[in-house]
Structures are given as structure tokens and as C-alpha cells.
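**Q** Sharing a structure below in C-alpha cells format, with a few things to ask.
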Amino acid sequence: MLAPRLSIDPFDEAFLADPYAQHQALREAGPVVWLEPIQAYGMARFSEVQAGLRDYGTFCSGRGVGLSDFAAETPWRPPSLLLEADPPLHDRTRGLMNRIVSWQALKAIRPVWQERAEALADRLVEQRRFDAVAELGETYPMLVFPDTIGVPVEGREKLLAYAAAVFNAFGPRNAIFDRGNEQAGDAAEWVAKACKRENLSEGGWGMAVYEAADRGECSADEAERLVRSFLTAGVDTTVNGIGHMMLAFASFPGEWQKLRERPHLVKRAFEESLRWDSTVQTFFRTTTMAVEVGGVTIPAGSKVLLFLAAANRDPRKWEDPDRFAIDRPLGGHVGFGFGIHQCLGQMVARLEAELVLAALLKRVKSIRLAGEPKRRLNNTLHAIASLPVEVEPA
Ligand code: HEM
């Protein structure tokens, strides 16, 4: 059977401004669709997305997780040794990085991160009105994450524009991609330098990757590229994760009251906000062989776009999926992916969100939107440029 052919372009500006408006059409058209404008397959239902993520042998990452097929085109940058790698290489690099981003490492940084979250919350609650993106979503990760990796202080604000440009590059070379590159300026050069051993501070996770190289777990060149993964994946994702968590609470005020009554739901609230609005909206895979999905044969060598965010609101899986509900039964969303590539930094993101939320919860009685949120268009991330909120102190 052939996949239904759709004229939906998942990278046009109207789609990216409000992807949720189109997800239903994608899901309802079938388990697999052919997206004419990008000449690629797409899957938007939860069970097919999850199955695709699980089956890394058929749906590979080594040919790129963007629209560009590395078997046919030269990658625009040396591929990631994690995100854009398949086993056995991926097993080795991921094992090494998992040992660095460990539970013990997070336990060690928690007190400092908590102190910074509390101080920031103090300041914002005193202000009452603030931009939950510029003054919180962007500020907090930048207060904690670059120090943890150990990158130079000077110029680290470039990490935001750099990450935005990289996430744009998983889509087509459209106007959003061009604008992102312009805004990034020399950020890629700054990041390349920041990843070098001589520019990383002792005791940071960046240096820990080079120490793994000293032990023979990877080469020095690989170490440099693995540090780059931290810097690419670790900032804009959490920035928008925290931003959407705040948007969720401002849009569903009853959930803040629920959380005040049941503060033990803090961690779950962040998970639910990621399900409700998944910052990482999509990633591609490439088929290594012909595969049948829901009666449709996808030929070998096809690009398949996995709509993680659409899966996270699939009514086949979630009851009343458009509602943000912090006490929803835990369901295993795919906002951090699934399977062997599931987010390396998920514990980092969870810790940041938990500390920010717990610090606000102690101080804030209610949160409301104080202006229209503004979107920032990105080919992969659902991103917010500005989110004016007003809080009432507890
Ligand atoms: C809310 C924040 C975050 C979200 C929503 C998120 C989302 C994701 C998703 C969906 C994937 C899977 C990609 C795939 O299957 O192709 C992923 C992978 C990855 N993430 Fe995150 N991420 C977040 C934060 C972070 C942080 C803080 C770091 C760094 C410490 C990080 C580092 C990575 C890396 C290196 C990978 C590739 C892993 C692999 O291929 O084995 N992420 N992330």
C-alpha cells in the first residue's frame, strides 16, 4: 500500500508558528504519510513514533537526523558522535558520556544549582512582572550549565544563537535557516574554540571527556566533538523546556494551585509540560532497508520525519491530550526521545526544571500571562522569544 500523499510542509513558517494546529491532520491521515513538499515520509502517531525510535537498526541516525541524507550529501559539520551515530560507535561514545553525566555528578552540583535557582526566584518574585523567557528560561540554564561544562566566561552568551542555528540545520535550507545563521555570526567559531582542551576548566564535564580520552576511551579529536554535543544540545533545549513549563502554568492557572497543594508533583509537572509542549518537535531517521509500517512499505534509504510532539498529544495514547494536567497518570512521553538515543542530558534538564519550579513554588501564589507570548521560529525546536508573566507573591 502507498502512503497517503499530503501537501503539508512541516517547515513552512505557518506550520512552525503553530505545529499543533496541523498535527491532527498528520495523525489522522494514517500511520505513515508522504510529505510532498519535503519529499520524505512522516509518522505522527505515538505507537509508530515510539516503534521507529526503538528500531535503530531499521531507522538509523548515522545518515543524519535532519532532512539531509549523509549518504548523498556532505554533512555541513562533522557529524555528532552521539546523535548522528549508530552502534557500535554510538555504544562506545554514549557509554563514555553516560559515565560523566552520572547521578553522582548531578548530586554533587545540586547544592550550587539550587542556591542559584533560589536567588533568581527571589529577584523575580520581588519584581512581580518579568519575561519568563529572557529573565528565567534563558537566564537560569546560562547561570548553571556553562560553568558545569567549564567553558570560558567571555562570549558564552553565543551558545544560544549557536544552538538555534544547529537545530535549524536539521530542516531544509529555508529562510529560517538563513536568518539563524546570520544571527549566529561567529558563534560556531567561538564554540569550536571552547571545545578545545586548553580552554576548558579543570573539574568540568568538558575536561572529563578529555580525561576519558587519556584513558583510551576515545581519541582527542573525538573528545573535542563530544564536548561540542554538550554545548549544542544542552542550552536551547532547556531554555525552551523551562519556557514552556512556565507557559503551561500561566495557561492553566488551576494546575499551579494543584501544585501548591501537592508540591511532591514538581518533577511530574515538568514531564507533563514536556509532553504538552515538546520543545524538540521532530527528528528524522533514514531507513536502512525496506520496512512495512501499518501496511505501507517504506523503501530503503528513505528519510522519515518523526513528529515527537504530535505523538505526545496523540489521543490514541493520551486522554484529553491538549490539556496540561500535572497529576496525569505517567505515560512515558517521547519528549526526550526513546531508545538508544534517548536524551543524554535528561537528568540535567530535569534538575534545572525541578529547582526552578520548587524555588518559585515556595514564593508564588499565582502566575498569570501579562502579555501575548511571542514565538521564535526554529526548524526543530518549538521556541519562545518572549513570555511576559506576572506573579502574586505567596
Ligand atoms: C528540556 C530539555 C531537553 C530536551 C527536550 C531534549 C530532547 C532530546 C531528544 C528528543 C533527544 C533524542 C534525539 C534522537 O532520538 O535523535 C535528545 C538527545 C540528546 N540530548 Fe537532549 N534534550 C534536552 C536537554 C539536553 C541537555 C541539557 C543535554 C546536555 C547535557 C542534552 C544532550 C543530548 C545529547 C548529547 C543527545 C544525543 C544522545 C544520543 O544520540 O545518544 N539534552 N535530547
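Chain labels run A, B, ... following the order of the C-alpha cells; each chain numbers its residues from 1, and ligands are numbered from 1 in the order shown.
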Considering only C-alpha atoms, return as a list in words whatever protein or nucleic-acid residues lie within 10 Å of A:Phe70, sequence-local ones (same chain, fewer than 4 positions apart) excluded.
**A** Ser61, Gly62, Arg63, Gly64, Val65, Gly66, Thr74, Pro75, Trp76, Pro79, Glu84 and Thr286 of chain A
**Q** Can you tell me which residues come within 8 Å of ligand 1 when counting only C-alpha atoms and all ligand atoms, ideally as a ChimeraX atom specification?
**A** /A:53,61,65,81-85,90,94,101,145,226,229-242,274,278-285,308,334-350
**Q** If we count only C-alpha atoms and set the cut-off at 8 Å, which residues sit around stretch 369-373 of chain A, ignoring sequence neighbours fewer than 6 positions away in its own chain? Please answer as a PyMOL selection string.
**A** chain A and resi 129+250-251+384-390
**Q** Select, from A:Asp186, A:Asn379, A:Asp221, A:Tyr210, the residue with the minimum atom-to-atom distance to A:Gly155, counting only C-alpha atoms.
**A**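 Among the listed residues, A:Asp186 lies closest to A:Gly155.
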**Q** Taking only C-alpha atoms into account, which of A:Leu357, A:Ala394, A:Leu143, A:Leu305 comes nearest A:Thr287?
**A** A:Leu305
**Q** With only C-alpha atoms as the counted atoms, please give the residues lying no more than 9 Å from stretch 122-127 of chain A, apart from itself and same-chain residues fewer than 6 positions off, as an NGL selection string.
**A** :A and (135-136 or 359-360 or 363-364 or 390-393)
**Q** Which of these, A:Arg110, A:Arg225, A:Arg54, A:Arg173, has the shortest distance to A:Asn378 once you count only C-alpha atoms?
**A** A:Arg173
**Q** So which bits of stretch 75-275 of chain A end up alpha helix (DSSP H) when you DSSP the backbone, as a PyMOL selection string?
**A** chain A and resi 89-100+103-127+139-149+158-168+175-184+187-194+205-214+220-233+236-251+253-261+266-275
**Q** Mind checking which residues fall within 8 Å of A:Phe270, counting only C-alpha atoms, ignoring those fewer than 2 positions away in the same chain, and posting them as a list in words?
**A** Met245, Val266, Lys267, Arg268, Glu272, Ser273, Leu274, Arg350, Ala353 and Glu354 of chain A
**Q** Counting only C-alpha atoms, figure out which residue out of A:Cys218, A:Leu330, A:Leu160, A:Ala310 gets nearest to A:Asp18.
**A**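 So, comparing all the options, the nearest one is A:Ala310.
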**Q** Atom CA of A:Leu6 and atom CA of A:Ala44 are how many Å apart?
**A**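 Straight-line distance from atom CA of A:Leu6 to atom CA of A:Ala44 works out to 12.9 Å.
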**Q** Measuring between only C-alpha atoms, which one of A:Asp9, A:Phe15, A:Ala121, A:Pro263 shows the shortest distance to A:Trp34?
**A**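 The answer is A:Asp9, which sits nearest to A:Trp34.
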**Q** Do a neighbour search on A:Lys317 at 12 Å with only C-alpha atoms, toss out local chain neighbours closer than 6 positions, and write the hits as number ranges by chain.
**A** A: 27, 44-50, 275, 310-311, 329-334
